[in-house]
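**Q** Okay, so here is final_30.cif, and as you'll see once you scroll down, it has mmCIF, C-alpha atoms.
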```
data_input
loop_
_atom_site.label_atom_id
_atom_site.label_comp_id
_atom_site.auth_asym_id
_atom_site.auth_seq_id
_atom_site.Cartn_x
_atom_site.Cartn_y
_atom_site.Cartn_z
CA MET A 39 -15.79 -21.90 -25.41
CA SER A 40 -16.91 -18.74 -27.18
CA LEU A 41 -15.36 -15.38 -26.47
CA PRO A 42 -18.49 -13.78 -24.93
CA ARG A 43 -18.81 -16.76 -22.62
CA ILE A 44 -15.15 -16.50 -21.59
CA LEU A 45 -15.59 -12.78 -20.92
CA ILE A 46 -18.70 -13.36 -18.83
CA GLU A 47 -17.01 -16.06 -16.79
CA ALA A 48 -13.92 -13.89 -16.26
CA VAL A 49 -16.18 -11.11 -14.99
CA LEU A 50 -17.96 -13.62 -12.78
CA ILE A 51 -14.69 -14.77 -11.21
CA ALA A 52 -13.75 -11.12 -10.57
CA THR A 53 -17.18 -10.37 -9.09
CA LEU A 54 -17.09 -13.43 -6.87
CA GLY A 55 -13.60 -12.56 -5.61
CA THR A 56 -14.66 -8.97 -4.95
CA THR A 57 -17.76 -10.14 -3.07
CA VAL A 58 -15.77 -12.54 -0.91
CA GLY A 59 -13.21 -9.81 -0.21
CA LEU A 60 -15.95 -7.34 0.75
CA ALA A 61 -17.64 -9.92 2.97
CA VAL A 62 -14.46 -10.94 4.76
CA ASN A 63 -13.32 -7.35 5.30
CA HIS A 64 -16.67 -5.64 5.76
CA ARG A 65 -15.85 -4.33 9.22
CA LEU A 66 -12.53 -2.84 8.17
CA LEU A 67 -14.16 -1.23 5.14
CA ALA A 68 -17.07 0.14 7.16
CA ASP A 69 -14.54 1.79 9.46
CA ALA A 70 -12.55 3.14 6.53
CA PHE A 71 -15.58 4.61 4.77
CA ALA A 72 -16.93 6.08 8.02
CA GLY A 73 -13.59 7.86 8.50
CA ARG A 74 -12.79 5.89 11.65
CA LEU A 75 -9.53 4.56 10.21
CA ALA A 76 -6.42 6.57 9.69
CA ALA A 77 -5.12 6.78 6.15
CA PRO A 78 -3.12 3.63 5.42
CA ALA A 79 0.56 4.23 5.99
CA PRO A 80 2.26 4.35 2.60
CA VAL A 81 5.23 2.03 2.61
CA ALA A 82 8.50 3.32 1.20
CA ALA A 83 10.95 0.82 -0.30
CA SER A 84 12.94 1.40 2.84
CA PRO A 85 11.56 3.77 5.48
CA ALA A 86 15.07 5.01 6.18
CA THR A 87 15.19 6.62 2.75
CA ARG A 88 12.50 9.07 3.83
CA LEU A 89 13.75 11.49 6.44
CA PRO A 90 12.06 14.47 8.06
CA GLN A 91 13.14 17.60 6.24
CA PRO A 92 14.79 20.36 8.28
CA VAL A 93 13.16 23.78 8.19
CA LEU A 94 14.42 27.17 9.40
CA LEU A 95 12.68 29.68 11.62
CA ALA A 96 11.28 31.80 8.77
CA GLU A 97 9.71 28.73 7.14
CA VAL A 98 8.28 27.55 10.43
CA ARG A 99 6.55 30.90 10.87
CA GLU A 100 5.02 30.61 7.38
CA LEU A 101 4.02 26.97 7.90
CA ALA A 102 2.50 27.72 11.31
CA ALA A 103 0.48 30.55 9.81
CA GLY A 104 -0.86 28.07 7.22
CA ALA A 105 -2.36 24.64 7.76
CA ALA A 106 0.75 22.95 9.18
CA VAL A 107 0.61 21.34 12.61
CA LEU A 108 3.42 22.05 15.07
CA VAL A 109 4.33 19.07 17.24
CA ASP A 110 6.20 19.44 20.51
CA ALA A 111 8.40 16.36 21.15
CA ARG A 112 9.30 17.31 24.76
CA ASP A 113 7.60 16.00 27.86
CA ALA A 114 4.33 17.45 29.12
CA ALA A 115 5.88 19.52 31.94
CA LEU A 116 8.24 21.37 29.57
CA TYR A 117 5.33 21.86 27.18
CA ALA A 118 3.28 23.40 29.99
CA ASP A 119 6.13 25.81 30.82
CA GLY A 120 6.19 27.16 27.30
CA HIS A 121 5.59 25.99 23.73
CA LEU A 122 5.08 27.36 20.24
CA PRO A 123 1.55 28.79 19.95
CA GLY A 124 -0.85 26.20 18.60
CA ALA A 125 1.61 23.31 18.98
CA LEU A 126 0.31 19.88 19.95
CA SER A 127 2.15 17.89 22.59
CA LEU A 128 3.48 14.46 21.59
CA PRO A 129 6.38 13.58 23.90
CA LEU A 130 8.80 11.15 22.26
CA GLY A 131 8.86 9.08 25.47
CA GLU A 132 5.11 8.56 25.38
CA VAL A 133 4.68 8.27 21.66
CA GLU A 134 3.28 4.71 21.74
CA ALA A 135 0.56 5.64 24.22
CA GLN A 136 -0.36 8.97 22.66
CA LEU A 137 -0.13 8.19 18.95
CA PRO A 138 -3.65 6.77 18.55
CA GLY A 139 -5.16 9.98 19.95
CA PHE A 140 -2.79 12.07 17.84
CA ARG A 141 -3.75 10.21 14.67
CA GLN A 142 -7.40 10.90 15.34
CA LYS A 143 -6.74 14.60 15.66
CA VAL A 144 -4.28 14.98 12.80
CA ALA A 145 -4.85 13.61 9.30
CA ALA A 146 -1.98 11.97 7.42
CA GLU A 147 -2.13 14.61 4.69
CA LYS A 148 -1.20 17.40 7.10
CA THR A 149 2.22 18.98 7.08
CA LEU A 150 3.84 18.38 10.46
CA VAL A 151 6.68 20.35 12.01
CA THR A 152 8.33 18.70 15.01
CA TYR A 153 10.56 20.57 17.42
CA CYS A 154 12.13 20.20 20.85
CA ASN A 155 14.85 22.03 22.79
CA GLY A 156 16.99 23.29 19.95
CA TYR A 157 19.99 22.05 18.01
CA GLY A 158 21.34 19.78 20.74
CA CYS A 159 18.06 17.90 21.03
CA PRO A 160 17.53 14.83 18.83
CA ASP A 161 13.97 14.09 19.99
CA SER A 162 12.26 16.17 17.29
CA PHE A 163 14.15 14.28 14.56
CA ASP A 164 13.39 10.90 16.13
CA LEU A 165 9.73 11.84 16.52
CA GLY A 166 9.72 12.95 12.87
CA LEU A 167 11.04 9.54 11.79
CA ARG A 168 8.39 7.83 13.89
CA LEU A 169 5.62 9.95 12.36
CA ILE A 170 6.83 9.15 8.83
CA ARG A 171 6.69 5.45 9.66
CA GLU A 172 3.21 6.09 11.01
CA GLY A 173 2.14 7.28 7.56
CA TYR A 174 2.53 11.04 7.75
CA ARG A 175 3.74 12.10 4.35
CA ASP A 176 5.14 15.55 4.99
CA VAL A 177 7.11 15.73 8.21
CA ARG A 178 9.67 18.46 8.87
CA VAL A 179 11.95 19.21 11.77
CA TYR A 180 12.47 22.64 13.20
CA GLU A 181 15.92 22.11 14.63
CA GLY A 182 16.15 25.56 16.21
CA GLY A 183 13.28 24.52 18.44
CA LEU A 184 11.75 26.50 21.28
CA PRO A 185 15.00 28.29 22.31
CA GLU A 186 15.52 29.86 18.87
CA TRP A 187 11.81 30.76 18.60
CA ARG A 188 11.79 32.40 22.04
CA ASP A 189 15.09 34.22 21.51
CA ALA A 190 13.73 35.66 18.27
CA GLY A 191 11.15 37.43 20.44
CA LEU A 192 8.23 35.41 19.12
CA PRO A 193 5.25 34.66 21.37
CA VAL A 194 5.41 31.57 23.60
CA ALA A 195 2.23 29.90 24.84
CA LYS A 196 1.87 28.34 28.27
CA GLY A 197 -0.48 25.71 29.61
CA LYS A 198 -0.95 21.97 29.78
CA PRO A 199 -1.63 19.91 26.67
CA MET B 231 5.88 -32.78 -30.10
CA LYS B 232 2.30 -32.57 -28.99
CA ARG B 233 3.28 -34.12 -25.70
CA THR B 234 5.96 -31.51 -24.99
CA GLY B 235 3.40 -28.84 -25.82
CA ARG B 236 0.86 -30.33 -23.48
CA ILE B 237 3.35 -30.57 -20.64
CA SER B 238 4.47 -26.99 -21.12
CA TYR B 239 0.84 -25.82 -21.28
CA HIS B 240 0.01 -27.44 -17.95
CA PHE B 241 3.30 -26.22 -16.49
CA CYS B 242 2.37 -22.62 -17.42
CA ARG B 243 -1.12 -23.07 -16.02
CA LEU B 244 0.06 -24.51 -12.71
CA LEU B 245 2.89 -22.02 -12.31
CA LEU B 246 0.63 -19.03 -13.01
CA GLY B 247 -2.08 -20.39 -10.71
CA ALA B 248 0.39 -21.01 -7.89
CA VAL B 249 1.90 -17.53 -8.23
CA PHE B 250 -1.52 -15.88 -8.00
CA VAL B 251 -2.77 -18.05 -5.14
CA TRP B 252 0.42 -17.23 -3.25
CA ALA B 253 0.22 -13.50 -4.02
CA GLY B 254 -3.45 -13.37 -3.06
CA ALA B 255 -3.05 -15.35 0.16
CA VAL B 256 -0.11 -13.30 1.46
CA LYS B 257 -2.00 -10.04 0.90
CA ALA B 258 -5.36 -11.32 2.17
CA LEU B 259 -3.69 -12.16 5.49
CA ASP B 260 -2.75 -8.54 6.21
CA VAL B 261 -5.21 -6.21 4.50
CA PRO B 262 -4.24 -3.00 6.38
CA ALA B 263 -0.57 -3.49 5.45
CA PHE B 264 -1.51 -4.08 1.82
CA ALA B 265 -3.71 -0.96 1.95
CA GLY B 266 -0.58 0.95 2.94
CA GLN B 267 1.25 -0.43 -0.06
CA VAL B 268 -1.61 0.52 -2.37
CA ALA B 269 -1.58 3.99 -0.81
CA ALA B 270 2.12 4.29 -1.63
CA TYR B 271 1.20 4.31 -5.33
CA GLN B 272 -0.60 7.62 -4.65
CA LEU B 273 -3.32 6.89 -7.19
CA LEU B 274 -6.48 6.58 -5.09
CA PRO B 275 -8.31 8.50 -2.37
CA TYR B 276 -7.52 6.84 0.92
CA VAL B 277 -10.69 4.79 1.49
CA TRP B 278 -10.34 3.27 -1.98
CA ASN B 279 -6.90 2.00 -1.01
CA TYR B 280 -8.68 -0.08 1.62
CA ALA B 281 -11.34 -1.20 -0.89
CA VAL B 282 -8.68 -2.40 -3.35
CA ALA B 283 -6.69 -4.07 -0.56
CA ALA B 284 -9.81 -5.86 0.69
CA THR B 285 -10.92 -7.24 -2.68
CA LEU B 286 -7.93 -7.65 -5.03
CA PRO B 287 -6.29 -10.49 -3.04
CA TYR B 288 -9.48 -12.56 -3.23
CA VAL B 289 -9.83 -12.02 -6.96
CA GLU B 290 -6.22 -13.20 -7.33
CA LEU B 291 -6.87 -16.19 -5.06
CA LEU B 292 -9.95 -17.28 -7.01
CA ALA B 293 -8.41 -16.81 -10.45
CA GLY B 294 -5.21 -18.58 -9.37
CA GLY B 295 -7.21 -21.36 -7.73
CA ALA B 296 -9.27 -21.87 -10.87
CA LEU B 297 -6.05 -22.27 -12.90
CA LEU B 298 -4.61 -24.74 -10.38
CA LEU B 299 -7.78 -26.81 -10.41
CA ASN B 300 -8.02 -26.59 -14.19
CA PHE B 301 -11.55 -25.27 -13.74
CA ARG B 302 -12.63 -22.43 -16.00
CA SER B 303 -8.98 -21.96 -16.81
CA ARG B 304 -9.50 -19.87 -19.93
CA PRO B 305 -11.61 -17.17 -18.23
CA ALA B 306 -9.20 -17.27 -15.28
CA ALA B 307 -6.21 -16.80 -17.61
CA LEU B 308 -7.99 -13.87 -19.28
CA LEU B 309 -8.76 -12.25 -15.94
CA ILE B 310 -5.17 -12.69 -14.81
CA ALA B 311 -3.93 -11.23 -18.08
CA VAL B 312 -6.16 -8.17 -17.59
CA LEU B 313 -4.95 -7.79 -13.98
CA ASN B 314 -1.33 -8.08 -15.11
CA ALA B 315 -1.84 -5.51 -17.85
CA LEU B 316 -3.31 -3.19 -15.21
CA PHE B 317 -0.37 -3.82 -12.85
CA ILE B 318 2.06 -3.06 -15.68
CA VAL B 319 0.36 0.28 -16.40
CA VAL B 320 0.34 1.19 -12.71
CA LEU B 321 3.99 0.21 -12.24
CA ALA B 322 4.94 2.21 -15.33
CA SER B 323 3.23 5.24 -13.78
CA VAL B 324 5.26 4.67 -10.61
CA LEU B 325 8.48 4.62 -12.64
CA ALA B 326 7.41 7.69 -14.60
CA ARG B 327 6.69 9.59 -11.38
CA GLY B 328 9.97 8.42 -9.82
CA LEU B 329 8.31 7.05 -6.69
CA ASN B 330 10.56 4.99 -4.46
CA ILE B 331 8.16 2.28 -3.27
CA ASP B 332 7.88 -1.43 -2.68
CA CYS B 333 5.53 -2.89 -5.28
CA GLY B 334 3.53 -4.76 -2.63
CA CYS B 335 2.94 -7.58 -5.12
CA PHE B 336 3.61 -10.39 -2.67
CA GLY B 337 2.78 -8.83 0.66
CA PRO B 338 4.53 -6.50 3.07
CA ASP B 339 8.02 -7.98 3.25
CA ALA B 340 8.81 -9.02 -0.29
CA GLY B 341 10.86 -5.90 -1.05
CA THR B 342 10.61 -5.74 -4.84
CA THR B 343 11.35 -2.56 -6.76
CA PRO B 344 8.79 -1.33 -9.32
CA LEU B 345 11.15 -2.17 -12.21
CA GLN B 346 11.65 -5.77 -11.05
CA ALA B 347 7.91 -6.10 -10.54
CA LEU B 348 7.22 -4.74 -14.00
CA GLY B 349 9.59 -7.28 -15.55
CA ARG B 350 7.96 -10.07 -13.59
CA ASP B 351 4.48 -8.95 -14.65
CA VAL B 352 5.50 -9.05 -18.30
CA ILE B 353 6.56 -12.68 -17.82
CA LEU B 354 3.30 -13.49 -16.00
CA LEU B 355 1.34 -11.80 -18.78
CA ALA B 356 3.14 -14.03 -21.29
CA LEU B 357 2.27 -17.10 -19.20
CA ALA B 358 -1.38 -16.04 -19.08
CA ALA B 359 -1.39 -15.51 -22.84
CA ALA B 360 0.14 -18.97 -23.34
CA VAL B 361 -2.54 -20.59 -21.19
CA TYR B 362 -5.30 -18.63 -22.89
CA PHE B 363 -4.27 -19.37 -26.47
CA GLN B 364 -3.05 -22.95 -25.96
CA HIS B 365 -6.05 -23.96 -23.91
CA ASP B 366 -8.15 -25.39 -26.70
CA ARG B 367 -5.25 -27.42 -28.08
CA TYR B 368 -4.40 -29.25 -24.86
CA HIS B 369 -7.79 -29.40 -23.31
CA PRO B 370 -9.47 -31.68 -22.30
CA LEU B 371 -6.98 -33.57 -20.15
CA PRO B 372 -4.73 -36.27 -21.70
CA ALA B 373 -6.95 -39.23 -20.71
CA ALA B 374 -10.05 -37.72 -22.29
CA ALA B 375 -8.04 -36.56 -25.29
CA ALA B 376 -6.97 -40.14 -25.99
CA GLU B 377 -10.60 -41.19 -26.24
CA GLY B 378 -11.48 -38.37 -28.63
#
```
Write out the structure in this file as structure tokens.
**A**
Amino acid sequence: MSLPRILIEAVLIATLGTTVGLAVNHRLLADAFAGRLAAPAPVAASPATRLPQPVLLAEVRELAAGAAVLVDARDAALYADGHLPGALSLPLGEVEAQLPGFRQKVAAEKTLVTYCNGYGCPDSFDLGLRLIREGYRDVRVYEGGLPEWRDAGLPVAKGKP
Amino acid sequence: MKRTGRISYHFCRLLLGAVFVWAGAVKALDVPAFAGQVAAYQLLPYVWNYAVAATLPYVELLAGGALLLNFRSRPAALLIAVLNALFIVVLASVLARGLNIDCGCFGPDAGTTPLQALGRDVILLALAAAVYFQHDRYHPLPAAAAEG
């Protein structure tokens, strides 16, 4: 078999495989190209090696002023009583039910800052871990949470999610 | 001597074909998960991760299948060699960038580090080269060769 012939046949095999792949997965791809699919969740060698990074109040203020998304891990009633201005509500207890809606609103490239009721509250960290597993690449935890924010005299928003 | 060579040629061909059919099948079964593993390489815009995940497994399946069936085995070996060379470059870029990822070579749960995967790909590339260059010597099959 001559080299050009081998090359052509190799390209043919690749083209055929690509065509079959496109045909089998056309619906998935249509959704992906129409932006109806979330970014695929990048898989770390072990998800536990990627942890949400803690941030301090000053950094949270800078991040919130930029493009970062604040995420309130407490339940909806506490959120309604008072939350960081602009924060989205994603209660840890309802994360399975609310994640699909959250993913539609917030792209995986966004920087997220989770918080809850201050240093004694583990929910923000747990929510951060969950969001990393969900494919969010830059997730940070504001461990001071709402109490530290409020006590610093910063504005607190009220209202339901 | 010739017989040992022929056996080792077909062994390489079957082994390489089986590896690629297996790798392709595992990934074709869960395209979104494989898309996530492609995304972890951080090389492509996100929709292209899906495009690669949707097509690459089928190319691997076909090329591996062709080797197993001894049909168009030289073009298939060439294609597999090109794919392996590409994988090696991509894995080297992962090592250079210090990314801590699963290579995704054999589906979601294989758990292979980029360095292990790179070593394996070098071996697979050698197998593909062996099939490609030895093909004309040991082809056609033994029965037909006896006639000629």
**Q** Please list as a list in words every residue within 9 Å of segment 99-101 of chain A, counting only C-alpha atoms and excluding residues in the same chain fewer than 4 positions away.
**A**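 Counting only C-alpha atoms, the residues come to Leu94, Leu95, Ala105, Ala106, Val107, Leu108, Thr149, Leu150 and Val151 of chain A.
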**Q** Name every residue that the PyMOL selection byres ((chain B) within 7 of (chain A)) selects in this structure, writing the answer as a PyMOL selection string with chains first and numbers rising.
**A** chain B and resi 262+265-267+269-270+276-277+280-281+284-286+288-289+292-293+304-306+308-309+330-332+341
**Q** Under the rule that only C-alpha atoms are counted, which of B:Arg302, B:Arg236, B:Lys257, B:Arg243 is the nearest residue to Leu355 of chain B?
**A**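 Looking only at the distances to Leu355 of chain B, the closest residue turns out to be B:Arg243.
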**Q** Written as an NGL selection string, what is the full residue list that the PyMOL selection byres ((chain B and resi 337) around 9) yields on the file shown?
**A** :B and (253-260 or 263-264 or 267 or 333-336 or 338-341)
**Q** Could you please take those selected residues and save C-alpha atoms as a short mmCIF file (atom, residue, chain, number, x, y, z; two decimals), keeping the file's coordinate frame?
**A**
```cif
data_model
loop_
_atom_site.label_atom_id
_atom_site.label_comp_id
_atom_site.auth_asym_id
_atom_site.auth_seq_id
_atom_site.Cartn_x
_atom_site.Cartn_y
_atom_site.Cartn_z
CA ALA B 253 0.22 -13.50 -4.02
CA GLY B 254 -3.45 -13.37 -3.06
CA ALA B 255 -3.05 -15.35 0.16
CA VAL B 256 -0.11 -13.30 1.46
CA LYS B 257 -2.00 -10.04 0.90
CA ALA B 258 -5.36 -11.32 2.17
CA LEU B 259 -3.69 -12.16 5.49
CA ASP B 260 -2.75 -8.54 6.21
CA ALA B 263 -0.57 -3.49 5.45
CA PHE B 264 -1.51 -4.08 1.82
CA GLN B 267 1.25 -0.43 -0.06
CA CYS B 333 5.53 -2.89 -5.28
CA GLY B 334 3.53 -4.76 -2.63
CA CYS B 335 2.94 -7.58 -5.12
CA PHE B 336 3.61 -10.39 -2.67
CA PRO B 338 4.53 -6.50 3.07
CA ASP B 339 8.02 -7.98 3.25
CA ALA B 340 8.81 -9.02 -0.29
CA GLY B 341 10.86 -5.90 -1.05
#
```
**Q** Which one of A:Ala114, A:Ala96, A:Leu167, A:Val109 sits closest to Val144 of chain A if you count all atoms listed in the file?
**A** A:Val109
**Q** Between atom CA of Arg350 of chain B and atom CA of Pro275 of chain B, what distance in Å does the model show, to one decimal?
**A**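 So the answer is 27.1 Å.
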**Q** Taking the file as I've supplied it (selection: the PyMOL selection byres ((chain B and resi 298) around 7)), which residues are included? Please answer as a PDB file with C-alpha atoms, keeping the file's coordinate frame.
**A**
```pdb
ATOM      1  CA  ARG B 243      -1.120 -23.070 -16.020  1.00  0.00           C
ATOM      2  CA  LEU B 244       0.060 -24.510 -12.710  1.00  0.00           C
ATOM      3  CA  GLY B 247      -2.080 -20.390 -10.710  1.00  0.00           C
ATOM      4  CA  ALA B 248       0.390 -21.010  -7.890  1.00  0.00           C
ATOM      5  CA  GLY B 294      -5.210 -18.580  -9.370  1.00  0.00           C
ATOM      6  CA  GLY B 295      -7.210 -21.360  -7.730  1.00  0.00           C
ATOM      7  CA  ALA B 296      -9.270 -21.870 -10.870  1.00  0.00           C
ATOM      8  CA  LEU B 297      -6.050 -22.270 -12.900  1.00  0.00           C
ATOM      9  CA  LEU B 299      -7.780 -26.810 -10.410  1.00  0.00           C
ATOM     10  CA  ASN B 300      -8.020 -26.590 -14.190  1.00  0.00           C
TER      11      ASN B 300
END
```
**Q** Using atom CA of Arg178 of chain A and atom CA of Val98 of chain A as the two end points, give the distance in Å to one decimal.
**A**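 Distance reported for this atom pair: 9.3 Å.
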